[in-house]
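Enquirer: Take a look at run_14.tsv, TSV, C-alpha atoms:
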chain	number	residue	atom	x	y	z
R	1	MET	CA	257.12	227.72	267.69
R	2	GLU	CA	253.80	226.46	266.47
R	3	HIS	CA	251.06	226.20	269.04
R	4	LYS	CA	248.05	224.13	268.21
R	5	VAL	CA	245.02	226.11	269.21
R	6	ARG	CA	241.76	224.23	269.52
R	7	TYR	CA	238.32	225.72	269.16
R	8	GLU	CA	234.81	224.39	269.42
R	9	VAL	CA	231.55	225.72	268.06
R	10	LEU	CA	228.19	224.85	269.53
R	11	ILE	CA	225.38	225.42	267.03
R	12	LEU	CA	221.66	225.45	267.64
R	13	THR	CA	219.53	224.86	264.56
R	14	SER	CA	215.80	224.81	263.99
R	15	PRO	CA	214.13	221.46	264.71
R	16	GLU	CA	212.97	220.94	261.13
R	17	ILE	CA	216.49	220.29	259.92
R	18	THR	CA	216.78	217.10	257.85
R	19	GLN	CA	219.60	214.58	257.87
R	20	ASP	CA	220.71	215.82	254.45
R	21	GLU	CA	220.88	219.39	255.65
R	22	GLY	CA	222.93	218.23	258.61
R	23	LYS	CA	225.42	216.56	256.29
R	24	GLU	CA	225.49	219.71	254.17
R	25	LEU	CA	226.45	221.65	257.29
R	26	GLU	CA	229.31	219.27	257.88
R	27	THR	CA	230.68	219.53	254.34
R	28	LYS	CA	230.45	223.30	254.34
R	29	PHE	CA	232.23	223.43	257.67
R	30	ASP	CA	234.97	221.10	256.39
R	31	LYS	CA	235.46	223.22	253.30
R	32	VAL	CA	235.75	226.46	255.23
R	33	VAL	CA	238.18	225.08	257.79
R	34	GLN	CA	240.42	223.49	255.16
R	35	SER	CA	240.45	226.61	253.02
R	36	GLN	CA	241.99	228.47	255.96
R	37	LYS	CA	244.56	225.70	256.60
R	38	GLY	CA	242.89	224.35	259.70
R	39	LEU	CA	242.13	220.83	260.82
R	40	VAL	CA	238.70	219.48	261.64
R	41	VAL	CA	238.80	217.48	264.87
R	42	SER	CA	235.18	216.42	265.16
R	43	PHE	CA	231.66	217.24	264.08
R	44	GLU	CA	228.86	215.74	266.16
R	45	ARG	CA	225.13	215.94	266.07
R	46	TRP	CA	223.74	215.96	269.58
R	47	GLY	CA	220.12	215.51	268.62
R	48	LYS	CA	216.82	217.15	269.28
R	49	TYR	CA	216.40	218.95	272.60
R	50	ARG	CA	213.64	220.78	274.39
R	51	LEU	CA	214.91	224.32	274.75
R	52	ALA	CA	214.89	226.16	278.05
R	53	TYR	CA	213.02	229.04	276.41
R	54	PRO	CA	211.53	229.47	272.92
R	55	VAL	CA	214.08	230.60	270.35
R	56	ARG	CA	212.62	232.11	267.17
R	57	LYS	CA	209.28	230.71	268.28
R	58	ASN	CA	210.64	227.11	268.36
R	59	ASP	CA	210.34	225.07	271.54
R	60	TYR	CA	212.73	222.42	270.24
R	61	GLY	CA	216.07	222.53	268.50
R	62	VAL	CA	218.91	220.40	267.21
R	63	TYR	CA	222.44	220.91	268.55
R	64	PHE	CA	225.70	220.32	266.68
R	65	LEU	CA	229.17	220.47	268.17
R	66	ALA	CA	232.09	221.10	265.84
R	67	ARG	CA	235.74	221.16	266.88
R	68	PHE	CA	238.68	222.35	264.86
R	69	GLU	CA	242.36	223.13	265.25
R	70	ALA	CA	244.61	225.82	263.88
R	71	GLU	CA	248.37	226.27	263.75
R	72	SER	CA	248.45	229.53	265.63
R	73	LYS	CA	245.98	232.08	266.86
R	74	ASP	CA	244.35	232.71	263.54
R	75	LYS	CA	241.75	235.43	263.50
R	76	ALA	CA	240.86	234.78	259.87
R	77	LEU	CA	239.86	231.18	260.55
R	78	ILE	CA	237.56	232.07	263.41
R	79	GLU	CA	236.03	234.88	261.41
R	80	GLU	CA	235.37	232.53	258.49
R	81	VAL	CA	233.68	229.97	260.73
R	82	LYS	CA	231.67	232.68	262.40
R	83	THR	CA	230.46	234.13	259.11
R	84	LEU	CA	229.58	230.66	257.88
R	85	PHE	CA	227.31	229.82	260.78
R	86	ALA	CA	226.09	233.19	261.87
R	87	ILE	CA	225.57	234.87	258.53
R	88	LYS	CA	225.60	232.53	255.56
R	89	LEU	CA	223.47	229.81	257.16
R	90	GLU	CA	221.38	232.25	259.15
R	91	ASP	CA	218.02	230.79	258.20
R	92	VAL	CA	218.86	227.37	259.60
R	93	VAL	CA	221.25	228.16	262.44
R	94	MET	CA	219.68	230.03	265.34
R	95	ARG	CA	222.46	230.32	267.93
R	96	THR	CA	226.17	229.82	267.78
R	97	VAL	CA	228.98	230.17	270.31
R	98	ILE	CA	232.70	229.68	269.68
R	99	THR	CA	234.96	228.72	272.58
R	100	ALA	CA	238.71	228.30	272.75
R	101	LEU	CA	239.84	225.02	274.30
R	102	ASP	CA	243.03	224.24	276.18
R	103	ALA	CA	245.40	222.25	274.02
R	104	LYS	CA	246.09	219.85	276.89
R	105	GLN	CA	242.44	219.44	277.86
R	106	SER	CA	240.80	216.09	277.13
R	107	LEU	CA	238.20	215.97	274.39
R	108	GLU	CA	235.62	214.35	276.63
R	109	TYR	CA	232.66	216.31	277.85
R	110	GLN	CA	229.27	215.74	279.38
R	111	ARG	CA	226.05	216.88	277.86
R	112	PRO	CA	222.37	216.63	278.78
R	113	ARG	CA	220.32	213.80	277.36
R	114	SER	CA	218.59	214.55	274.10
R	115	LEU	CA	214.95	213.74	273.41
R	116	GLU	CA	215.96	210.90	271.15
R	117	GLU	CA	217.88	209.26	273.97
R	118	THR	CA	215.31	209.53	276.74
R	119	PRO	CA	213.26	206.34	277.00
R	120	PRO	CA	209.56	206.64	276.19
R	121	ARG	CA	207.10	206.92	279.06
R	122	GLU	CA	205.42	203.76	280.28
R	123	GLU	CA	201.70	203.35	279.83
R	124	GLY	CA	199.59	204.38	282.76
R	125	TYR	CA	202.22	206.83	284.04
R	126	VAL	CA	200.56	209.91	285.44
R	127	ARG	CA	202.75	212.92	285.92
R	128	GLU	CA	202.19	214.61	289.27
R	129	ARG	CA	201.12	218.17	288.69
R	130	ARG	CA	201.94	221.08	290.97
R	131	SER	CA	198.24	221.85	291.38
R	132	ASP	CA	197.62	218.38	292.83
R	133	ARG	CA	200.14	218.85	295.60
R	134	PRO	CA	198.84	220.22	298.95
R	135	MET	CA	199.19	223.99	299.19
R	136	MET	CA	202.12	224.99	301.39
R	137	ALA	CA	202.93	228.50	302.58
R	138	SER	CA	206.54	228.34	301.45
R	139	ASN	CA	209.00	230.86	300.06
R	140	GLN	CA	208.92	230.45	296.32
R	141	ASP	CA	212.50	231.46	295.76
R	142	ALA	CA	214.13	229.44	298.53
R	143	PRO	CA	216.96	227.21	297.30
R	144	LEU	CA	216.93	223.61	298.49
R	145	GLY	CA	217.53	223.28	302.21
R	146	SER	CA	218.60	226.86	302.83
R	147	GLU	CA	216.02	227.67	305.51
R	148	GLU	CA	216.94	224.59	307.48
R	149	ASP	CA	220.63	225.50	307.27
R	150	MET	CA	220.03	229.02	308.53
R	151	GLN	CA	218.07	227.81	311.53
R	152	ALA	CA	220.81	225.33	312.38
R	153	ASP	CA	223.36	228.18	312.50
R	154	VAL	CA	221.30	230.23	314.93
R	155	GLU	CA	220.82	227.37	317.33
Z	1	MET	CA	228.12	260.58	334.07
Z	2	THR	CA	225.44	257.96	333.69
Z	3	LYS	CA	226.46	254.39	334.10
Z	4	LYS	CA	226.39	252.40	330.91
Z	5	VAL	CA	223.63	249.90	331.32
Z	6	LYS	CA	223.96	246.71	329.37
Z	7	LEU	CA	220.51	245.99	328.10
Z	8	LYS	CA	219.37	242.48	327.50
Z	9	ILE	CA	219.34	241.83	323.77
Z	10	SER	CA	216.06	240.63	322.40
Z	11	ALA	CA	215.91	237.24	320.76
Z	12	ARG	CA	215.40	238.83	317.36
Z	13	LEU	CA	218.51	241.00	317.62
Z	14	PHE	CA	220.55	238.05	318.87
Z	15	LYS	CA	219.54	235.95	315.86
Z	16	LYS	CA	220.42	238.83	313.57
Z	17	LYS	CA	223.92	239.09	315.03
Z	18	THR	CA	224.67	235.40	314.92
Z	19	ARG	CA	223.38	235.10	311.40
Z	20	ARG	CA	225.86	237.73	310.31
Z	21	ASN	CA	228.77	236.12	312.14
Z	22	GLY	CA	227.73	232.57	311.40
Z	23	ASN	CA	231.05	231.32	310.02
Z	24	ASN	CA	231.22	227.62	310.73
Z	25	GLY	CA	234.90	227.23	309.92
Z	26	PRO	CA	236.44	227.45	306.42
Z	27	LYS	CA	234.18	226.77	303.48
Z	28	ASN	CA	234.83	223.49	301.71
Z	29	CYS	CA	234.73	224.23	298.02
Z	30	ARG	CA	233.91	221.04	296.14
Z	31	PHE	CA	235.90	222.21	293.13
Z	32	CYS	CA	239.05	223.03	295.05
Z	33	SER	CA	239.19	219.51	296.45
Z	34	SER	CA	238.68	217.43	293.30
Z	35	ALA	CA	239.84	217.90	289.73
Z	36	GLU	CA	237.04	215.73	288.35
Z	37	GLN	CA	234.47	218.21	289.51
Z	38	VAL	CA	236.36	221.01	287.79
Z	39	GLN	CA	236.14	219.03	284.53
Z	40	GLN	CA	232.38	218.93	284.93
Z	41	LEU	CA	232.30	222.73	285.05
Z	42	ASP	CA	231.35	223.22	281.44
Z	43	TYR	CA	228.66	225.23	279.74
Z	44	LYS	CA	227.63	222.11	277.83
Z	45	ASN	CA	227.02	220.16	281.03
Z	46	ALA	CA	223.64	221.71	281.73
Z	47	SER	CA	222.38	218.99	284.06
Z	48	PHE	CA	225.34	219.50	286.38
Z	49	LEU	CA	225.03	223.27	286.32
Z	50	LYS	CA	221.34	223.09	287.11
Z	51	GLY	CA	222.26	221.98	290.62
Z	52	PHE	CA	223.68	225.46	291.25
Z	53	MET	CA	220.53	227.33	290.30
Z	54	THR	CA	217.39	228.02	292.30
Z	55	GLU	CA	213.93	226.85	291.33
Z	56	ARG	CA	213.31	230.22	289.78
Z	57	GLY	CA	216.36	229.91	287.55
Z	58	LYS	CA	218.67	232.25	289.48
Z	59	ILE	CA	222.32	231.41	290.14
Z	60	LEU	CA	222.89	230.28	293.74
Z	61	GLN	CA	224.97	232.44	296.07
Z	62	SER	CA	228.33	231.01	297.03
Z	63	ARG	CA	227.57	231.33	300.74
Z	64	ILE	CA	224.78	228.81	300.24
Z	65	SER	CA	226.38	226.45	297.76
Z	66	GLY	CA	229.78	226.62	299.50
Z	67	VAL	CA	231.78	227.36	296.35
Z	68	CYS	CA	234.94	229.44	296.68
Z	69	CYS	CA	235.03	232.77	294.89
Z	70	LYS	CA	237.42	231.69	292.13
Z	71	HIS	CA	235.21	228.78	291.13
Z	72	GLN	CA	232.04	230.76	291.65
Z	73	ARG	CA	233.23	233.15	288.96
Z	74	THR	CA	233.88	230.28	286.51
Z	75	LEU	CA	230.59	228.65	287.46
Z	76	SER	CA	228.59	231.82	286.86
Z	77	SER	CA	230.23	232.50	283.53
Z	78	GLN	CA	229.55	228.93	282.38
Z	79	ILE	CA	225.90	229.20	283.48
Z	80	ARG	CA	225.50	232.47	281.64
Z	81	LYS	CA	227.06	230.95	278.53
Z	82	SER	CA	224.71	228.00	278.51
Z	83	ARG	CA	221.80	230.40	279.07
Z	84	THR	CA	222.60	232.09	275.76
Z	85	MET	CA	222.56	228.69	274.06
Z	86	ALA	CA	219.14	227.86	275.55
Z	87	LEU	CA	220.48	224.92	277.56
Z	88	LEU	CA	219.53	226.66	280.80
Z	89	PRO	CA	216.75	229.18	281.35
Z	90	TYR	CA	217.12	232.81	282.27
Z	91	SER	CA	214.04	232.59	284.44
Z	92	ALA	CA	211.81	229.72	285.40
Z	93	GLN	CA	208.69	230.91	283.62
Z	94	TYR	CA	209.02	228.32	280.91
Z	95	TYR	CA	210.16	225.58	283.32
Z	96	ASN	CA	206.84	225.04	284.97
Z	97	ASN	CA	204.77	224.64	281.83
Turn this file's structure into structure tokens for me.
Expert:
Amino acid sequence: MEHKVRYEVLILTSPEITQDEGKELETKFDKVVQSQKGLVVSFERWGKYRLAYPVRKNDYGVYFLARFEAESKDKALIEEVKTLFAIKLEDVVMRTVITALDAKQSLEYQRPRSLEETPPREEGYVRERRSDRPMMASNQDAPLGSEEDMQADVE
Amino acid sequence: MTKKVKLKISARLFKKKTRRNGNNGPKNCRFCSSAEQVQQLDYKNASFLKGFMTERGKILQSRISGVCCKHQRTLSSQIRKSRTMALLPYSAQYYNN
């Protein structure tokens, strides 16, 4: 019995990656997957994002999501993909994570908005800074609404 | 034998006891009730997962967010995965800049 096993790879690259280099990534990925008798399902470029913390001294990065299928649980295929992104393309690719997907799961997913998709700020928009707000003696680590909930229980 | 005298509990001790036994019925886990929400539980869906973290970047306890333990485990593992991919922070130091 042949089971189709689906995998996805999320790659984080440095922000200075060009469109040509992105296409190069795609062709290399295609070559590697096909050499191991796999099937490429999709290869998407998410766009430039502001990272939650600096990675290799970059505050921004470009994400790519690649999905591929294999006939059965093939360790060689995953190893090849891993070596491609984590070792061979190490200077461009900063982070990579490979996940196994359910075969019956839908291919839809949600992702945060990239910097290219967020609309530009209007003129005259002043961002409210924390220092401008009135000083409150509040617990810094309190999650939203927890203190009110706790008092409601006691009463 | 001395008679056992029931002392009046102070307000502070009373609050402490009720806080410990404050079970207001069964928890309603939002993931157990709808399959759509379970689909949103993905490490790529950082904006959804951010709602389960505190301001400081810590993962919220299930007794506050109301998530059942099975889904809390999935939720935490997805948050930790997206942390490694820099979609979510480990701590909020870089948030407030």
Enquirer: Counting all atoms listed in the file, which residues in chain Z sit no more than 7 Å from chain R? For each one, give the nearest pair of atoms and the distance in Å, sorted by chain then residue number, as JSON lines.
Expert:
{"residue": "Z:Lys15", "atom": "CA", "partner": "R:Val154", "partner_atom": "CA", "distance": 6.1}
{"residue": "Z:Thr18", "atom": "CA", "partner": "R:Val154", "partner_atom": "CA", "distance": 6.2}
{"residue": "Z:Arg19", "atom": "CA", "partner": "R:Val154", "partner_atom": "CA", "distance": 6.4}
{"residue": "Z:Gly22", "atom": "CA", "partner": "R:Asp153", "partner_atom": "CA", "distance": 6.3}
{"residue": "Z:Lys44", "atom": "CA", "partner": "R:Arg111", "partner_atom": "CA", "distance": 5.5}
{"residue": "Z:Asn45", "atom": "CA", "partner": "R:Arg111", "partner_atom": "CA", "distance": 4.7}
{"residue": "Z:Ala46", "atom": "CA", "partner": "R:Pro112", "partner_atom": "CA", "distance": 6.0}
{"residue": "Z:Ser47", "atom": "CA", "partner": "R:Pro112", "partner_atom": "CA", "distance": 5.8}
{"residue": "Z:Thr54", "atom": "CA", "partner": "R:Pro143", "partner_atom": "CA", "distance": 5.1}
{"residue": "Z:Glu55", "atom": "CA", "partner": "R:Asp141", "partner_atom": "CA", "distance": 6.6}
{"residue": "Z:Arg56", "atom": "CA", "partner": "R:Asp141", "partner_atom": "CA", "distance": 6.2}
{"residue": "Z:Ile64", "atom": "CA", "partner": "R:Ser146", "partner_atom": "CA", "distance": 7.0}
{"residue": "Z:Met85", "atom": "CA", "partner": "R:Arg95", "partner_atom": "CA", "distance": 6.3}
{"residue": "Z:Ala86", "atom": "CA", "partner": "R:Ala52", "partner_atom": "CA", "distance": 5.2}
{"residue": "Z:Leu87", "atom": "CA", "partner": "R:Ala52", "partner_atom": "CA", "distance": 5.7}
{"residue": "Z:Leu88", "atom": "CA", "partner": "R:Ala52", "partner_atom": "CA", "distance": 5.4}
{"residue": "Z:Pro89", "atom": "CA", "partner": "R:Ala52", "partner_atom": "CA", "distance": 4.8}
{"residue": "Z:Tyr94", "atom": "CA", "partner": "R:Tyr53", "partner_atom": "CA", "distance": 6.1}
Enquirer: Restricting it to C-alpha atoms, dump the selection as a compact mmCIF listing (two decimals), in the coordinates of the input.
Expert:
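Saved to again-v5.txt:
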# COMPACT_ATOMS: atom_id res chain seq x y z
CA LYS Z 15 219.54 235.95 315.86
CA THR Z 18 224.67 235.40 314.92
CA ARG Z 19 223.38 235.10 311.40
CA GLY Z 22 227.73 232.57 311.40
CA LYS Z 44 227.63 222.11 277.83
CA ASN Z 45 227.02 220.16 281.03
CA ALA Z 46 223.64 221.71 281.73
CA SER Z 47 222.38 218.99 284.06
CA THR Z 54 217.39 228.02 292.30
CA GLU Z 55 213.93 226.85 291.33
CA ARG Z 56 213.31 230.22 289.78
CA ILE Z 64 224.78 228.81 300.24
CA MET Z 85 222.56 228.69 274.06
CA ALA Z 86 219.14 227.86 275.55
CA LEU Z 87 220.48 224.92 277.56
CA LEU Z 88 219.53 226.66 280.80
CA PRO Z 89 216.75 229.18 281.35
CA TYR Z 94 209.02 228.32 280.91
Enquirer: Given the choices Z:Ser91, Z:Ser33, Z:Ser10, Z:Gln61, which gets closest to Ser76 in chain Z if the distance is worked out from all atoms listed in the file?
Expert: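 That would be Z:Gln61, the residue with the smallest distance to Ser76 in chain Z.
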Enquirer: Restricting the calculation to all atoms listed in the file: of R:Glu80, R:Glu71, R:Asp102, R:Glu90, which residue gets closest to Ser14 in chain R?
Expert: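 Of R:Glu80, R:Glu71, R:Asp102, R:Glu90, the one nearest Ser14 in chain R is R:Glu90, counting all atoms listed in the file.
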Enquirer: What separation in Å, quoted to one decimal, exists between CA of Lys75 in chain R and CA of Lys28 in chain R?
Expert: 18.9 Å
Enquirer: Work out how far apart CA of Glu44 in chain R and CA of Phe64 in chain R are and give it in Å to one decimal.
Expert: 5.6 Å
Enquirer: What does the structure give for the distance between CA of Val92 in chain R and CA of Phe29 in chain R, in Å to one decimal?
Expert: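 Here the two named atoms are 14.1 Å from each other.
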Enquirer: Give, as JSON, the centre coordinates and the x, y and z edge lengths in Å to one decimal for an axis-aligned box around all listed atoms of range 8-11 of chain Z, padded by 6 Å on each side.
Expert:
{"center_x": 217.6, "center_y": 239.9, "center_z": 324.1, "size_x": 15.5, "size_y": 17.2, "size_z": 18.7}
Enquirer: Please determine, counting all atoms listed in the file, which residue among Z:Lys58, Z:Arg63, Z:Cys69, Z:Tyr43 has the shortest atom-to-atom distance to Ser82 in chain Z.
Expert: Z:Tyr43
Enquirer: Of the candidates Z:Val67, Z:Pro26, Z:Leu75, Z:Gly57, which shows the shortest atom-to-atom distance to Tyr90 in chain Z, using all atoms listed in the file?
Expert: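 Using all atoms listed in the file, the shortest distance to Tyr90 in chain Z belongs to Z:Gly57.
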Enquirer: Skipping near chain neighbours, those fewer than 3 positions away, what residues fall within 6 Å of range 27-32 of chain Z using only C-alpha atoms, listed as a ChimeraX atom specification?
Expert: /Z:37-38,66-68
Enquirer: Neighbours of range 31-33 of chain R within 10 Å (all atoms listed in the file; same-chain residues fewer than 2 positions away dropped), as a PyMOL selection string?
Expert: chain R and resi 25-29+35-40+68-70+77-78+80-81+84
